Amino acid sequence: MEYQYALRLRSQWFNKGNPDCEHPRIERETYKGTDTGDDVCTTCGKGSPRGKVRSE
Ligand SMILES: [Zn+2]
């Protein structure tokens with residue numbers, strides 16, 4: 001998922017009251033098509049170092 005899109009998801013999630021998310025689906029985060037080395041949740045937009053989204 002593109003970084004810009006993840007940012008948008010994050011602000012939408014925040015506007016919903018920032019509920020808990022179990023991060024059911026995780027994708028690699030890219031910036032202008034380049035892998036950033038992070039993962040991002042496709043539901044809430046949370047980004048974390050690869051493999052850490054669910055553990056933080
Ligand atoms: Zn999530």
# chains A, B, ... in the order shown; residues from 1 in each chain; ligands from 1
>>> residues_near_ligand(ligand="ligand 1", cutoff="7 Å", atoms="only C-alpha atoms and all ligand atoms", output="ChimeraX atom specification")
/A:21-24,41-46
>>> write_last_selection(atoms="N, CA, C and O atoms", output="JSON list (two decimals), in the first residue's frame")
[["chain", "number", "residue", "atom", "x", "y", "z"],
["A", 21, "CYS", "N", -7.87, -1.87, 16.75],
["A", 21, "CYS", "CA", -7.83, -2.60, 15.48],
["A", 21, "CYS", "C", -6.98, -3.83, 15.68],
["A", 21, "CYS", "O", -5.91, -3.76, 16.28],
["A", 22, "GLU", "N", -7.47, -4.96, 15.18],
["A", 22, "GLU", "CA", -6.68, -6.20, 15.29],
["A", 22, "GLU", "C", -5.77, -6.38, 14.08],
["A", 22, "GLU", "O", -5.13, -7.41, 13.94],
["A", 23, "HIS", "N", -5.76, -5.40, 13.20],
["A", 23, "HIS", "CA", -4.91, -5.42, 12.02],
["A", 23, "HIS", "C", -5.08, -6.73, 11.25],
["A", 23, "HIS", "O", -4.13, -7.51, 11.10],
["A", 24, "PRO", "N", -6.32, -6.98, 10.78],
["A", 24, "PRO", "CA", -6.61, -8.27, 10.13],
["A", 24, "PRO", "C", -5.84, -8.48, 8.83],
["A", 24, "PRO", "O", -5.58, -9.62, 8.44],
["A", 41, "CYS", "N", -1.23, -1.69, 8.09],
["A", 41, "CYS", "CA", -2.53, -2.34, 8.21],
["A", 41, "CYS", "C", -3.49, -1.71, 7.22],
["A", 41, "CYS", "O", -3.61, -0.48, 7.16],
["A", 42, "THR", "N", -4.19, -2.55, 6.44],
["A", 42, "THR", "CA", -5.09, -2.01, 5.41],
["A", 42, "THR", "C", -6.41, -1.53, 6.00],
["A", 42, "THR", "O", -7.22, -0.96, 5.30],
["A", 43, "THR", "N", -6.64, -1.79, 7.28],
["A", 43, "THR", "CA", -7.87, -1.36, 7.94],
["A", 43, "THR", "C", -7.70, 0.01, 8.59],
["A", 43, "THR", "O", -8.49, 0.92, 8.36],
["A", 44, "CYS", "N", -6.68, 0.15, 9.43],
["A", 44, "CYS", "CA", -6.52, 1.39, 10.19],
["A", 44, "CYS", "C", -5.35, 2.24, 9.69],
["A", 44, "CYS", "O", -5.20, 3.38, 10.11],
["A", 45, "GLY", "N", -4.52, 1.69, 8.83],
["A", 45, "GLY", "CA", -3.41, 2.46, 8.28],
["A", 45, "GLY", "C", -2.18, 2.52, 9.14],
["A", 45, "GLY", "O", -1.22, 3.21, 8.82],
["A", 46, "LYS", "N", -2.19, 1.76, 10.24],
["A", 46, "LYS", "CA", -1.02, 1.77, 11.12],
["A", 46, "LYS", "C", 0.21, 1.19, 10.41],
["A", 46, "LYS", "O", 0.13, 0.13, 9.79]]
>>> select_by_dssp(residues="range 2-42 of chain A", states="strand (DSSP E or B)", output="CSV table (one decimal) with N, CA, C and O atoms, in the first residue's frame")
chain,number,residue,atom,x,y,z
A,2,GLU,N,0.4,2.2,-0.8
A,2,GLU,CA,1.2,3.5,-0.8
A,2,GLU,C,1.1,4.2,0.5
A,2,GLU,O,0.1,4.3,1.1
A,26,ILE,N,-2.5,-7.1,6.5
A,26,ILE,CA,-1.3,-6.3,6.5
A,26,ILE,C,-0.6,-6.4,5.2
A,26,ILE,O,-0.5,-7.5,4.6
A,27,GLU,N,-0.1,-5.2,4.7
A,27,GLU,CA,0.6,-5.2,3.4
A,27,GLU,C,1.9,-4.5,3.6
A,27,GLU,O,2.1,-3.7,4.5
A,28,ARG,N,2.8,-4.7,2.6
A,28,ARG,CA,4.0,-3.9,2.6
A,28,ARG,C,3.7,-2.5,2.3
A,28,ARG,O,2.8,-2.2,1.4
A,29,GLU,N,4.4,-1.6,2.9
A,29,GLU,CA,4.2,-0.2,2.6
A,29,GLU,C,5.2,0.2,1.5
A,29,GLU,O,6.4,-0.1,1.6
A,30,THR,N,4.7,1.0,0.6
A,30,THR,CA,5.5,1.5,-0.5
A,30,THR,C,5.4,3.0,-0.5
A,30,THR,O,4.4,3.6,-0.1
A,31,TYR,N,6.5,3.7,-1.0
A,31,TYR,CA,6.5,5.1,-1.2
A,31,TYR,C,6.9,5.3,-2.7
A,31,TYR,O,8.0,5.0,-3.1
A,34,THR,N,8.2,2.2,-4.2
A,34,THR,CA,9.4,1.6,-3.6
A,34,THR,C,9.1,1.1,-2.2
A,34,THR,O,8.5,1.8,-1.4
A,35,ASP,N,9.5,-0.1,-1.9
A,35,ASP,CA,9.3,-0.7,-0.6
A,35,ASP,C,10.0,0.1,0.5
A,35,ASP,O,11.2,0.4,0.4
A,36,THR,N,9.2,0.5,1.5
A,36,THR,CA,9.8,1.3,2.6
A,36,THR,C,10.4,0.4,3.7
A,36,THR,O,11.1,0.9,4.6
A,37,GLY,N,10.2,-0.9,3.6
A,37,GLY,CA,10.7,-1.8,4.7
A,37,GLY,C,9.7,-1.9,5.9
A,37,GLY,O,9.9,-2.6,6.8
A,38,ASP,N,8.6,-1.1,5.8
A,38,ASP,CA,7.6,-1.2,6.8
A,38,ASP,C,6.4,-2.0,6.3
A,38,ASP,O,6.2,-2.2,5.1
A,39,ASP,N,5.6,-2.4,7.3
A,39,ASP,CA,4.3,-3.0,7.0
A,39,ASP,C,3.2,-2.0,7.4
A,39,ASP,O,3.4,-1.2,8.2
A,40,VAL,N,2.0,-2.1,6.7
A,40,VAL,CA,0.9,-1.2,7.1
A,40,VAL,C,-0.4,-2.0,7.1
A,40,VAL,O,-0.6,-3.0,6.3
A,41,CYS,N,-1.2,-1.7,8.1
A,41,CYS,CA,-2.5,-2.3,8.2
A,41,CYS,C,-3.5,-1.7,7.2
A,41,CYS,O,-3.6,-0.5,7.2
>>> atom_distance(atom1="CA of Glu56 in chain A", atom2="CA of Gly33 in chain A")
25.5 Å
>>> select_by_dssp(residues="chain A", states="alpha helix (DSSP H)", output="list in words")
Tyr3, Gln4, Tyr5, Ala6, Leu7, Arg8, Leu9, Arg10, Ser11, Gln12, Trp13, Phe14 and Asn15 of chain A
